[in-house]
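So this one's query_17.txt, compact mmCIF, C-alpha atoms and all ligand atoms:
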```
# COMPACT_ATOMS: atom_id res chain seq x y z
CA MET A 1 8.34 -9.15 -26.35
CA LYS A 2 5.33 -9.13 -24.08
CA ALA A 3 4.75 -8.76 -20.36
CA PRO A 4 4.76 -12.25 -18.75
CA ARG A 5 1.46 -14.13 -18.69
CA GLY A 6 -0.79 -12.96 -15.88
CA THR A 7 0.92 -9.59 -15.52
CA ARG A 8 0.17 -6.25 -17.07
CA ASP A 9 1.45 -2.73 -17.45
CA ILE A 10 -0.45 0.12 -15.88
CA LEU A 11 -0.38 2.99 -18.32
CA PRO A 12 -1.61 6.57 -18.15
CA PRO A 13 -4.33 7.63 -17.61
CA ASP A 14 -5.02 4.51 -15.48
CA SER A 15 -1.83 5.14 -13.55
CA CYS A 16 -3.04 8.67 -12.70
CA LEU A 17 -6.34 7.32 -11.43
CA TRP A 18 -4.38 4.70 -9.52
CA ASN A 19 -2.24 7.31 -7.77
CA LYS A 20 -5.23 9.43 -6.86
CA VAL A 21 -7.00 6.43 -5.37
CA GLU A 22 -3.88 5.44 -3.47
CA GLY A 23 -3.54 9.00 -2.19
CA LYS A 24 -7.08 9.00 -0.84
CA ILE A 25 -6.53 5.64 0.88
CA ARG A 26 -3.31 6.93 2.47
CA GLU A 27 -5.26 9.91 3.75
CA LYS A 28 -7.80 7.57 5.40
CA TYR A 29 -4.95 5.67 7.04
CA ARG A 30 -3.53 8.92 8.34
CA ILE A 31 -6.88 9.92 9.83
CA TYR A 32 -7.06 6.54 11.61
CA ASN A 33 -3.45 6.93 12.80
CA TYR A 34 -1.90 4.02 10.90
CA GLN A 35 1.74 4.20 9.79
CA GLU A 36 3.37 2.70 6.76
CA ILE A 37 5.64 -0.32 6.80
CA LYS A 38 7.61 -1.40 3.73
CA THR A 39 8.88 -4.96 3.69
CA PRO A 40 10.87 -6.70 0.92
CA ILE A 41 8.90 -8.22 -1.95
CA PHE A 42 10.68 -11.52 -1.35
CA GLU A 43 11.17 -13.48 1.85
CA GLU A 44 12.59 -16.80 2.90
CA THR A 45 10.16 -19.49 1.77
CA GLU A 46 9.95 -20.88 5.28
CA LEU A 47 8.08 -17.75 6.44
CA PHE A 48 5.09 -18.51 4.26
CA VAL A 49 5.18 -22.27 4.82
CA ARG A 50 4.99 -21.69 8.57
CA GLY A 51 2.93 -18.51 8.52
CA VAL A 52 0.34 -19.04 5.79
CA GLY A 53 0.30 -22.81 6.31
CA GLY A 54 1.85 -25.71 4.41
CA THR A 55 -1.54 -27.17 3.45
CA THR A 56 -3.09 -24.05 1.96
CA ASP A 57 -3.62 -23.61 -1.78
CA ILE A 58 -1.29 -20.64 -1.68
CA VAL A 59 1.68 -22.56 -0.36
CA GLU A 60 0.94 -25.82 -2.19
CA LYS A 61 0.24 -24.43 -5.64
CA GLU A 62 0.57 -20.70 -6.03
CA MET A 63 3.94 -19.47 -4.81
CA TYR A 64 6.77 -18.14 -6.92
CA THR A 65 9.60 -19.97 -5.22
CA PHE A 66 13.18 -20.15 -6.47
CA GLN A 67 16.68 -20.77 -5.28
CA ASP A 68 18.94 -17.73 -5.26
CA LYS A 69 22.63 -17.90 -6.18
CA GLY A 70 23.50 -18.54 -2.54
CA GLY A 71 21.27 -21.63 -2.48
CA ARG A 72 18.54 -20.10 -0.29
CA SER A 73 14.92 -20.84 -1.00
CA ILE A 74 13.25 -17.51 -1.72
CA THR A 75 9.57 -16.74 -2.37
CA LEU A 76 7.98 -13.66 -3.88
CA ARG A 77 5.49 -12.63 -1.24
CA PRO A 78 2.02 -14.06 -1.95
CA GLU A 79 0.37 -11.98 0.77
CA GLY A 80 1.16 -9.10 3.09
CA THR A 81 0.54 -10.26 6.64
CA ALA A 82 3.29 -12.80 7.31
CA PRO A 83 6.05 -10.35 6.23
CA VAL A 84 4.66 -7.64 8.53
CA VAL A 85 4.53 -10.04 11.48
CA ARG A 86 8.07 -11.22 10.65
CA ALA A 87 9.26 -7.59 10.77
CA TYR A 88 7.32 -7.02 14.00
CA ILE A 89 9.22 -9.86 15.64
CA GLU A 90 12.61 -9.13 14.06
CA HIS A 91 12.63 -5.48 15.16
CA LYS A 92 11.01 -6.20 18.51
CA LEU A 93 8.18 -3.83 17.71
CA TYR A 94 6.23 -5.54 20.51
CA GLY A 95 8.40 -3.44 22.82
CA LYS A 96 6.73 -0.27 21.56
CA SER A 97 3.39 1.08 22.67
CA GLN A 98 0.68 -1.39 21.63
CA PRO A 99 -1.34 -1.90 19.60
CA LEU A 100 0.89 -1.05 16.69
CA LYS A 101 -1.14 0.11 13.70
CA LEU A 102 0.54 -0.42 10.35
CA TYR A 103 -0.39 -0.27 6.68
CA TYR A 104 1.33 -1.28 3.47
CA PHE A 105 1.04 -0.93 -0.29
CA GLY A 106 2.77 -3.16 -2.79
CA PRO A 107 2.73 -6.01 -5.29
CA MET A 108 1.87 -9.59 -4.30
CA PHE A 109 2.59 -12.65 -6.41
CA ARG A 110 0.51 -15.77 -6.92
CA TYR A 111 0.81 -18.33 -9.63
CA GLU A 112 -2.91 -18.61 -10.39
CA ARG A 113 -4.76 -19.39 -13.58
CA PRO A 114 -5.06 -15.96 -15.21
CA GLN A 115 -8.68 -14.79 -15.43
CA ALA A 116 -10.33 -11.46 -15.94
CA TRP A 117 -9.02 -9.13 -13.22
CA ARG A 118 -6.93 -11.80 -11.56
CA TYR A 119 -3.25 -11.25 -12.03
CA ARG A 120 -0.14 -13.18 -11.05
CA GLN A 121 1.30 -9.91 -9.88
CA HIS A 122 -1.39 -7.87 -8.23
CA TYR A 123 -1.21 -4.76 -6.16
CA GLN A 124 -2.53 -4.77 -2.65
CA THR A 125 -2.94 -2.48 0.28
CA GLY A 126 -3.70 -3.61 3.78
CA VAL A 127 -3.52 -2.83 7.46
CA GLU A 128 -2.23 -4.89 10.37
CA VAL A 129 -2.89 -4.05 14.01
CA MET A 130 -0.48 -5.95 16.22
CA GLY A 131 -0.33 -6.53 19.95
CA GLY A 132 -3.96 -6.28 21.04
CA ASP A 133 -7.03 -8.52 21.04
CA SER A 134 -9.80 -6.09 21.94
CA PRO A 135 -12.94 -6.41 19.81
CA PHE A 136 -12.67 -2.66 19.26
CA ILE A 137 -9.59 -3.39 17.14
CA ASP A 138 -11.57 -5.83 14.98
CA ALA A 139 -14.30 -3.25 14.55
CA GLU A 140 -11.87 -0.44 13.74
CA VAL A 141 -10.13 -2.47 11.04
CA ILE A 142 -13.42 -3.45 9.42
CA LEU A 143 -14.73 0.09 9.68
CA LEU A 144 -11.58 1.54 8.13
CA GLY A 145 -11.92 -0.76 5.12
CA ILE A 146 -15.57 0.16 4.71
CA GLU A 147 -14.65 3.85 4.96
CA ILE A 148 -12.39 3.36 1.96
CA LEU A 149 -15.28 1.94 -0.09
CA LYS A 150 -17.45 4.85 1.01
CA GLU A 151 -14.73 7.32 0.07
CA PHE A 152 -15.21 6.16 -3.53
CA ASN A 153 -19.02 6.07 -3.24
CA LEU A 154 -19.22 2.32 -3.83
CA GLN A 155 -22.68 0.94 -3.10
CA ASN A 156 -23.06 -2.67 -4.20
CA TRP A 157 -21.26 -4.37 -1.37
CA VAL A 158 -22.18 -6.60 1.55
CA LEU A 159 -20.11 -7.26 4.65
CA HIS A 160 -19.92 -10.97 5.53
CA LEU A 161 -18.85 -11.79 9.06
CA ASN A 162 -17.91 -14.95 10.89
CA SER A 163 -15.90 -16.22 13.82
CA ILE A 164 -13.80 -19.32 13.31
CA GLY A 165 -12.81 -19.66 16.96
CA CYS A 166 -9.40 -20.04 18.54
CA SER A 167 -6.86 -22.84 18.39
CA GLN A 168 -8.51 -24.57 21.36
CA CYS A 169 -12.16 -24.55 20.37
CA ARG A 170 -11.50 -25.05 16.68
CA ALA A 171 -9.80 -28.40 17.26
CA ASP A 172 -13.07 -29.86 18.58
CA TYR A 173 -14.98 -28.34 15.72
CA LYS A 174 -12.57 -29.78 13.19
CA ASN A 175 -13.19 -33.26 14.57
CA GLU A 176 -16.96 -32.82 14.32
CA LEU A 177 -16.58 -31.53 10.80
CA ILE A 178 -14.43 -34.49 9.75
CA GLU A 179 -16.96 -36.84 11.34
CA PHE A 180 -19.77 -35.22 9.34
CA LEU A 181 -17.89 -35.10 6.02
CA LYS A 182 -15.90 -38.31 6.02
CA ASP A 183 -18.39 -40.52 4.14
CA LYS A 184 -19.58 -37.85 1.71
CA PRO A 185 -18.57 -37.93 -1.99
CA LEU A 186 -16.43 -34.78 -1.86
CA CYS A 187 -14.44 -33.40 -4.78
CA ARG A 188 -10.83 -34.51 -5.12
CA ASP A 189 -9.41 -31.34 -3.56
CA CYS A 190 -11.71 -31.63 -0.55
CA GLU A 191 -10.88 -35.31 -0.20
CA SER A 192 -7.30 -34.29 0.51
CA ARG A 193 -8.31 -31.26 2.56
CA LEU A 194 -10.42 -33.34 4.88
CA GLU A 195 -7.63 -34.48 7.16
CA ARG A 196 -5.38 -31.47 6.95
CA ASN A 197 -7.59 -28.44 6.40
CA PRO A 198 -11.26 -29.47 6.77
CA LEU A 199 -12.59 -25.91 7.17
CA ARG A 200 -11.69 -25.23 3.56
CA VAL A 201 -14.39 -27.67 2.47
CA LEU A 202 -16.93 -25.11 3.65
CA ASP A 203 -16.06 -22.62 0.94
CA CYS A 204 -15.30 -25.11 -1.83
CA LYS A 205 -16.71 -23.96 -5.16
CA GLU A 206 -16.16 -27.28 -6.94
CA GLY A 207 -18.68 -29.93 -7.94
CA ASN A 208 -21.27 -30.94 -5.41
CA CYS A 209 -19.42 -29.92 -2.29
CA GLN A 210 -21.80 -27.08 -1.37
CA LYS A 211 -24.85 -29.37 -1.63
CA LEU A 212 -23.24 -31.94 0.63
CA LEU A 213 -23.01 -29.37 3.40
CA GLU A 214 -26.69 -29.41 4.30
CA GLY A 215 -26.95 -29.91 8.04
CA VAL A 216 -23.21 -29.46 8.58
CA PRO A 217 -22.25 -28.44 12.13
CA LEU A 218 -21.58 -24.70 12.21
CA VAL A 219 -18.41 -23.27 13.69
CA THR A 220 -20.27 -20.54 15.56
CA ASP A 221 -22.21 -23.23 17.48
CA HIS A 222 -18.93 -24.76 18.65
CA ILE A 223 -16.72 -21.86 19.66
CA CYS A 224 -15.73 -21.45 23.30
CA GLN A 225 -17.21 -18.93 25.70
CA GLU A 226 -14.39 -16.38 25.24
CA CYS A 227 -14.54 -16.56 21.44
CA GLY A 228 -18.34 -16.25 21.59
CA ASP A 229 -18.15 -13.18 23.83
CA HIS A 230 -15.55 -11.60 21.59
CA PHE A 231 -17.65 -12.21 18.49
CA ARG A 232 -20.80 -10.79 20.08
CA LYS A 233 -18.89 -7.69 21.13
CA VAL A 234 -17.55 -7.13 17.61
CA GLN A 235 -21.09 -7.33 16.24
CA GLU A 236 -22.34 -4.95 18.89
CA ILE A 237 -19.70 -2.33 18.07
CA LEU A 238 -20.33 -2.62 14.33
CA SER A 239 -24.05 -2.17 14.96
CA VAL A 240 -23.36 0.96 16.99
CA CYS A 241 -21.46 2.27 13.93
CA GLY A 242 -24.60 1.67 11.86
CA LEU A 243 -22.86 -0.98 9.82
CA ASP A 244 -25.00 -3.76 8.36
CA PHE A 245 -23.43 -7.19 8.11
CA ARG A 246 -24.45 -10.69 7.20
CA LEU A 247 -23.44 -13.56 9.48
CA ASP A 248 -21.88 -16.17 7.22
CA PRO A 249 -20.88 -19.40 8.99
CA PHE A 250 -19.29 -20.74 5.78
CA LEU A 251 -16.78 -17.91 5.60
CA VAL A 252 -13.40 -19.40 6.56
CA ARG A 253 -10.75 -17.55 4.46
CA GLY A 254 -8.03 -19.46 2.69
CA LEU A 255 -5.16 -19.03 5.13
CA ASP A 256 -4.34 -21.11 8.17
CA TYR A 257 -3.43 -18.24 10.45
CA TYR A 258 -6.90 -16.82 10.97
CA THR A 259 -8.58 -17.07 14.37
CA ARG A 260 -11.83 -15.64 15.70
CA THR A 261 -13.13 -12.81 13.51
CA ALA A 262 -13.07 -13.43 9.76
CA PHE A 263 -14.73 -11.09 7.29
CA GLU A 264 -15.11 -10.44 3.60
CA VAL A 265 -16.73 -7.60 1.77
CA LYS A 266 -18.28 -8.93 -1.42
CA THR A 267 -19.55 -6.99 -4.37
CA LYS A 268 -21.61 -7.81 -7.43
CA ASP A 269 -19.38 -5.49 -9.43
CA LEU A 270 -16.75 -8.18 -9.93
CA GLY A 271 -18.98 -10.70 -11.66
CA ALA A 272 -20.24 -13.53 -9.49
CA GLN A 273 -20.21 -12.32 -5.89
CA ASP A 274 -16.58 -11.65 -5.34
CA THR A 275 -14.47 -10.31 -2.55
CA ILE A 276 -13.23 -6.74 -2.81
CA PHE A 277 -11.45 -6.93 0.49
CA GLY A 278 -11.28 -9.20 3.49
CA GLY A 279 -9.30 -10.18 6.50
CA GLY A 280 -9.54 -11.22 10.08
CA ARG A 281 -7.80 -11.90 13.32
CA TYR A 282 -4.61 -13.97 13.53
CA ASP A 283 -3.81 -14.32 17.21
CA GLY A 284 -1.41 -17.25 16.79
CA LEU A 285 0.65 -16.13 13.82
CA SER A 286 3.45 -14.45 15.74
CA GLU A 287 4.09 -17.56 17.82
CA GLU A 288 3.78 -19.73 14.71
CA ILE A 289 6.80 -18.00 13.18
CA GLY A 290 8.89 -17.89 16.34
CA GLY A 291 7.77 -14.66 18.01
CA PRO A 292 6.12 -13.88 21.33
CA ARG A 293 2.39 -14.03 21.82
CA ALA A 294 1.07 -11.06 19.85
CA PRO A 295 -2.51 -11.09 18.66
CA GLY A 296 -3.16 -9.33 15.36
CA MET A 297 -5.97 -8.18 13.12
CA GLY A 298 -5.89 -6.90 9.56
CA PHE A 299 -7.32 -6.72 6.09
CA GLY A 300 -6.02 -6.85 2.54
CA LEU A 301 -7.59 -4.95 -0.32
CA GLY A 302 -6.79 -5.57 -3.99
CA MET A 303 -6.26 -2.34 -5.87
CA GLU A 304 -7.20 -3.87 -9.23
CA ARG A 305 -10.48 -5.04 -7.76
CA LEU A 306 -11.20 -1.71 -6.15
CA LEU A 307 -10.57 0.10 -9.43
CA LEU A 308 -12.73 -2.37 -11.36
CA ALA A 309 -15.60 -1.91 -8.90
CA MET A 310 -15.22 1.85 -9.23
CA LYS A 311 -15.39 1.58 -13.01
CA GLN A 312 -18.43 -0.69 -12.82
CA GLU A 313 -20.23 1.86 -10.69
CA GLY A 314 -18.98 4.82 -12.72
CA GLN A 315 -17.21 6.26 -9.69
CA GLU A 316 -13.79 6.69 -11.30
CA ARG A 317 -14.98 9.73 -13.27
CA GLY A 318 -15.19 11.94 -10.19
CA ILE A 319 -11.50 11.63 -9.45
CA LYS A 320 -9.94 12.32 -12.82
CA SER A 321 -6.77 14.31 -12.60
CA TYR A 322 -6.79 17.77 -14.08
CA LEU A 323 -4.10 19.81 -15.66
CA ASP A 324 -4.58 23.36 -14.46
CA ALA A 325 -3.25 25.15 -17.49
CA TYR A 326 -1.90 24.65 -20.99
CA VAL A 327 0.15 27.46 -22.51
CA VAL A 328 -0.47 28.24 -26.18
CA ALA A 329 2.10 30.42 -27.96
CA VAL A 330 3.30 30.69 -31.55
CA GLY A 331 6.27 32.67 -32.80
CA ASP A 332 9.75 33.10 -31.33
CA LYS A 333 9.05 35.95 -28.95
CA GLN A 334 5.69 34.56 -27.81
CA LEU A 335 7.19 31.11 -27.32
CA LEU A 336 9.78 32.46 -24.94
CA GLN A 337 7.15 34.45 -23.06
CA GLY A 338 4.97 31.37 -22.97
CA TRP A 339 7.89 29.39 -21.61
CA ASN A 340 8.38 31.96 -18.83
CA THR A 341 4.65 31.92 -18.06
CA LEU A 342 4.80 28.12 -17.83
CA ARG A 343 7.66 28.31 -15.33
CA GLU A 344 5.90 30.93 -13.26
CA VAL A 345 2.65 29.00 -13.12
CA ARG A 346 4.44 25.78 -12.17
CA LYS A 347 6.42 27.62 -9.52
CA ALA A 348 3.13 28.74 -7.98
CA GLY A 349 2.14 25.07 -7.71
CA PHE A 350 -0.22 24.68 -10.66
CA SER A 351 0.13 21.75 -13.00
CA ALA A 352 0.86 23.13 -16.44
CA ASP A 353 2.27 22.18 -19.80
CA MET A 354 2.84 23.56 -23.29
CA ASP A 355 3.67 22.32 -26.72
CA LEU A 356 7.38 21.51 -26.94
CA MET A 357 7.35 20.56 -30.61
CA GLY A 358 6.91 23.94 -32.34
CA ARG A 359 3.44 23.11 -33.64
CA SER A 360 0.90 25.43 -35.26
CA LEU A 361 -1.65 27.42 -33.28
CA LYS A 362 -4.41 25.05 -34.34
CA SER A 363 -2.52 21.95 -33.18
CA GLN A 364 -1.61 23.67 -29.94
CA MET A 365 -5.28 24.38 -29.22
CA LYS A 366 -6.00 20.73 -29.97
CA GLY A 367 -3.21 19.81 -27.59
CA ALA A 368 -4.74 22.00 -24.89
CA ASN A 369 -8.03 20.21 -25.41
CA ARG A 370 -6.52 16.75 -25.35
CA SER A 371 -4.56 17.50 -22.19
CA GLY A 372 -7.81 17.99 -20.28
CA ALA A 373 -6.51 21.33 -19.03
CA ARG A 374 -8.95 23.61 -17.26
CA TYR A 375 -7.48 26.73 -18.88
CA ALA A 376 -5.60 27.53 -22.04
CA LEU A 377 -3.24 30.48 -21.55
CA ILE A 378 -2.99 32.04 -24.98
CA ILE A 379 -0.18 34.43 -25.84
CA GLY A 380 -0.47 36.05 -29.26
CA GLU A 381 1.49 38.88 -30.80
CA GLU A 382 -0.55 41.64 -29.18
CA GLU A 383 -0.55 39.90 -25.81
CA ALA A 384 3.24 39.50 -25.90
CA GLU A 385 3.63 43.19 -26.75
CA GLU A 386 1.38 44.47 -24.00
CA GLY A 387 1.95 41.99 -21.17
CA PHE A 388 -1.36 40.21 -20.84
CA LEU A 389 -2.81 36.79 -21.73
CA GLN A 390 -6.07 35.38 -22.96
CA VAL A 391 -7.26 32.84 -20.41
CA ARG A 392 -9.73 30.45 -21.95
CA ASP A 393 -11.93 28.22 -19.80
CA MET A 394 -11.72 25.01 -21.78
CA SER A 395 -15.09 23.62 -20.70
CA SER A 396 -17.24 26.75 -21.13
CA GLY A 397 -15.20 28.35 -23.92
CA GLU A 398 -15.33 31.70 -22.11
CA GLN A 399 -12.26 33.84 -22.43
CA ASP A 400 -10.85 36.52 -20.11
CA LYS A 401 -8.12 39.04 -20.70
CA VAL A 402 -5.78 38.74 -17.71
CA GLN A 403 -2.72 40.88 -16.89
CA LYS A 404 0.44 38.83 -16.55
CA GLU A 405 0.96 39.82 -12.92
CA ASP A 406 -2.61 38.76 -12.04
CA LEU A 407 -2.39 35.32 -13.64
CA VAL A 408 -1.50 33.29 -10.55
CA LYS A 409 -4.28 34.94 -8.55
CA TYR A 410 -6.72 34.21 -11.37
CA LEU A 411 -5.79 30.52 -11.49
CA ALA A 412 -6.06 30.23 -7.71
CA TRP A 413 -9.53 31.75 -7.83
CA GLY A 414 -10.52 29.31 -10.59
CA LYS A 415 -9.31 26.38 -8.55
CA GLU A 416 -11.32 27.50 -5.55
CA GLU A 417 -14.45 27.77 -7.69
CA GLN A 418 -13.81 24.31 -9.06
CA GLY A 419 -13.58 22.88 -5.55
CA LYS A 420 -17.08 24.13 -4.69
ZN ZN B 501 -12.14 -20.26 21.39
ZN ZN B 502 -14.77 -29.56 -2.79
```
Would you give me this structure, written as structure tokens?
Amino acid sequence: MKAPRGTRDILPPDSCLWNKVEGKIREKYRIYNYQEIKTPIFEETELFVRGVGGTTDIVEKEMYTFQDKGGRSITLRPEGTAPVVRAYIEHKLYGKSQPLKLYYFGPMFRYERPQAWRYRQHYQTGVEVMGGDSPFIDAEVILLGIEILKEFNLQNWVLHLNSIGCSQCRADYKNELIEFLKDKPLCRDCESRLERNPLRVLDCKEGNCQKLLEGVPLVTDHICQECGDHFRKVQEILSVCGLDFRLDPFLVRGLDYYTRTAFEVKTKDLGAQDTIFGGGRYDGLSEEIGGPRAPGMGFGLGMERLLLAMKQEGQERGIKSYLDAYVVAVGDKQLLQGWNTLREVRKAGFSADMDLMGRSLKSQMKGANRSGARYALIIGEEEAEEGFLQVRDMSSGEQDKVQKEDLVKYLAWGKEEQGK
């Protein structure tokens, strides 16, 4: 049996790297004062049809939708924002102090053609800030995402920024766009998008569509005064933060709910310029799914993509996980002493292991090596007799004789040195 097409298992040591990366992202969220929300991995289908939009590729082609035994139409969540907004409305979180700053981690599901690093179940983290429309919120969300990339020393990225206006000003723009595009030989997908979702033509990757866009009216020339002011303010704040960005009037994002600010951070690490994370403002989404007016802003970041970019730039090496100690002991008496040492070291909070298979000294030393442990704690006959250990630094090969009662202090000192 194999894992279903488009899915994969995450095995050690990748899973260790994964957890470390997730831990560092959680720490960033904590520093920015965001709190976690966990929503179900499936929702009523209607949520995504109304929230994401019935004419988007996601809803038309990519959802895992099924009927449960009670006859309800259920969909595995294809994205993280609509469920968060649903929970915000359901639990009346708009009654709490606003804006509400939330983050999530979890799997998302899209029935896409499997390609390298595109999975039908992929793991995503994201933030949603609900209940405020200040441009400072837009800037904070973008900045937080960028901080995550910086945390992992990623370099090859560019921030693309656009405003796609609000529901009022975009309607006029849509009409202009349709007027401009209607006689052009668009690809089949765009042909059908033209009436329902004309903005999507702007980021079509098929056939000639990009070439046909020469001279196309730009959304930023058509947004209303308020949207224009908001967009200028966002740019101003980002500039104050020293953040470079590229204005990209063709950036529209694939989901219907976006308004005003839209952004994507693209990197060369993922092959042809690809998005490592992106998001935007969705001021109408709450009302769209039956809630009160509650502007929102967020981003989603694919963990697989982040990890791939880190590997491409060689940045995953710096955050390998270490085992602090590996106990080596042969012989009945030594084994039992080794076992006690292992317990003591673990109790003091160090990660430690030993051979549990009764192997020879030589294989145990190999095991210590393979485990990536910083120290081997070697207990031979003499050591067992006299109550000390040989502590071997596995990278330098240096060995110290350490009294049993000093061991924990010694390991703590080593860890401090390592941190420098
Ligand atoms: Zn507007
Ligand atoms: Zn097209």
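If you look at atom CA of Glu22 of chain A and atom CA of Tyr104 of chain A, they are 11.0 Å away from each other.
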In the coordinate frame of the file, compute which residues have an atom within 9 Å of (-8.9, -8.1, 19.1) when using only C-alpha atoms, and state them as a PDB file with C-alpha atoms, keeping the file's coordinate frame.
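Just written: selection-v4.pdb:
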```
ATOM      1  CA  VAL A 129      -2.890  -4.050  14.010  1.00  0.00           C
ATOM      2  CA  GLY A 131      -0.330  -6.530  19.950  1.00  0.00           C
ATOM      3  CA  GLY A 132      -3.960  -6.280  21.040  1.00  0.00           C
ATOM      4  CA  ASP A 133      -7.030  -8.520  21.040  1.00  0.00           C
ATOM      5  CA  SER A 134      -9.800  -6.090  21.940  1.00  0.00           C
ATOM      6  CA  PRO A 135     -12.940  -6.410  19.810  1.00  0.00           C
ATOM      7  CA  PHE A 136     -12.670  -2.660  19.260  1.00  0.00           C
ATOM      8  CA  ILE A 137      -9.590  -3.390  17.140  1.00  0.00           C
ATOM      9  CA  ASP A 138     -11.570  -5.830  14.980  1.00  0.00           C
ATOM     10  CA  ALA A 139     -14.300  -3.250  14.550  1.00  0.00           C
ATOM     11  CA  HIS A 230     -15.550 -11.600  21.590  1.00  0.00           C
ATOM     12  CA  VAL A 234     -17.550  -7.130  17.610  1.00  0.00           C
ATOM     13  CA  ARG A 260     -11.830 -15.640  15.700  1.00  0.00           C
ATOM     14  CA  THR A 261     -13.130 -12.810  13.510  1.00  0.00           C
ATOM     15  CA  ARG A 281      -7.800 -11.900  13.320  1.00  0.00           C
ATOM     16  CA  ASP A 283      -3.810 -14.320  17.210  1.00  0.00           C
ATOM     17  CA  PRO A 295      -2.510 -11.090  18.660  1.00  0.00           C
ATOM     18  CA  GLY A 296      -3.160  -9.330  15.360  1.00  0.00           C
ATOM     19  CA  MET A 297      -5.970  -8.180  13.120  1.00  0.00           C
TER      20      MET A 297
END
```
Within 10 Å of Glu206 of chain A using only C-alpha atoms, minus same-chain residues under 3 positions, as a list of chain:residue names: A:Leu186, A:Cys187, A:Arg188, A:Asp189, A:Cys190, A:Val201, A:Asp203, A:Cys209, A:Gln210
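Closest approach to Gly207 of chain A among A:Gly300, A:Pro185, A:Gly414, A:Gly95 is made by A:Pro185 (distances from only C-alpha atoms).
Minimum atom-to-atom distances from A:Gln418, A:Asn197, A:Thr65, A:Asn153 to ligand ZN 502 (chain B) were compared using all atoms listed in the file, and the lowest value belongs to A:Asn197.
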Atom pair atom CA of Leu17 of chain A / atom CA of Ile276 of chain A: separation (Å): 17.9 Å
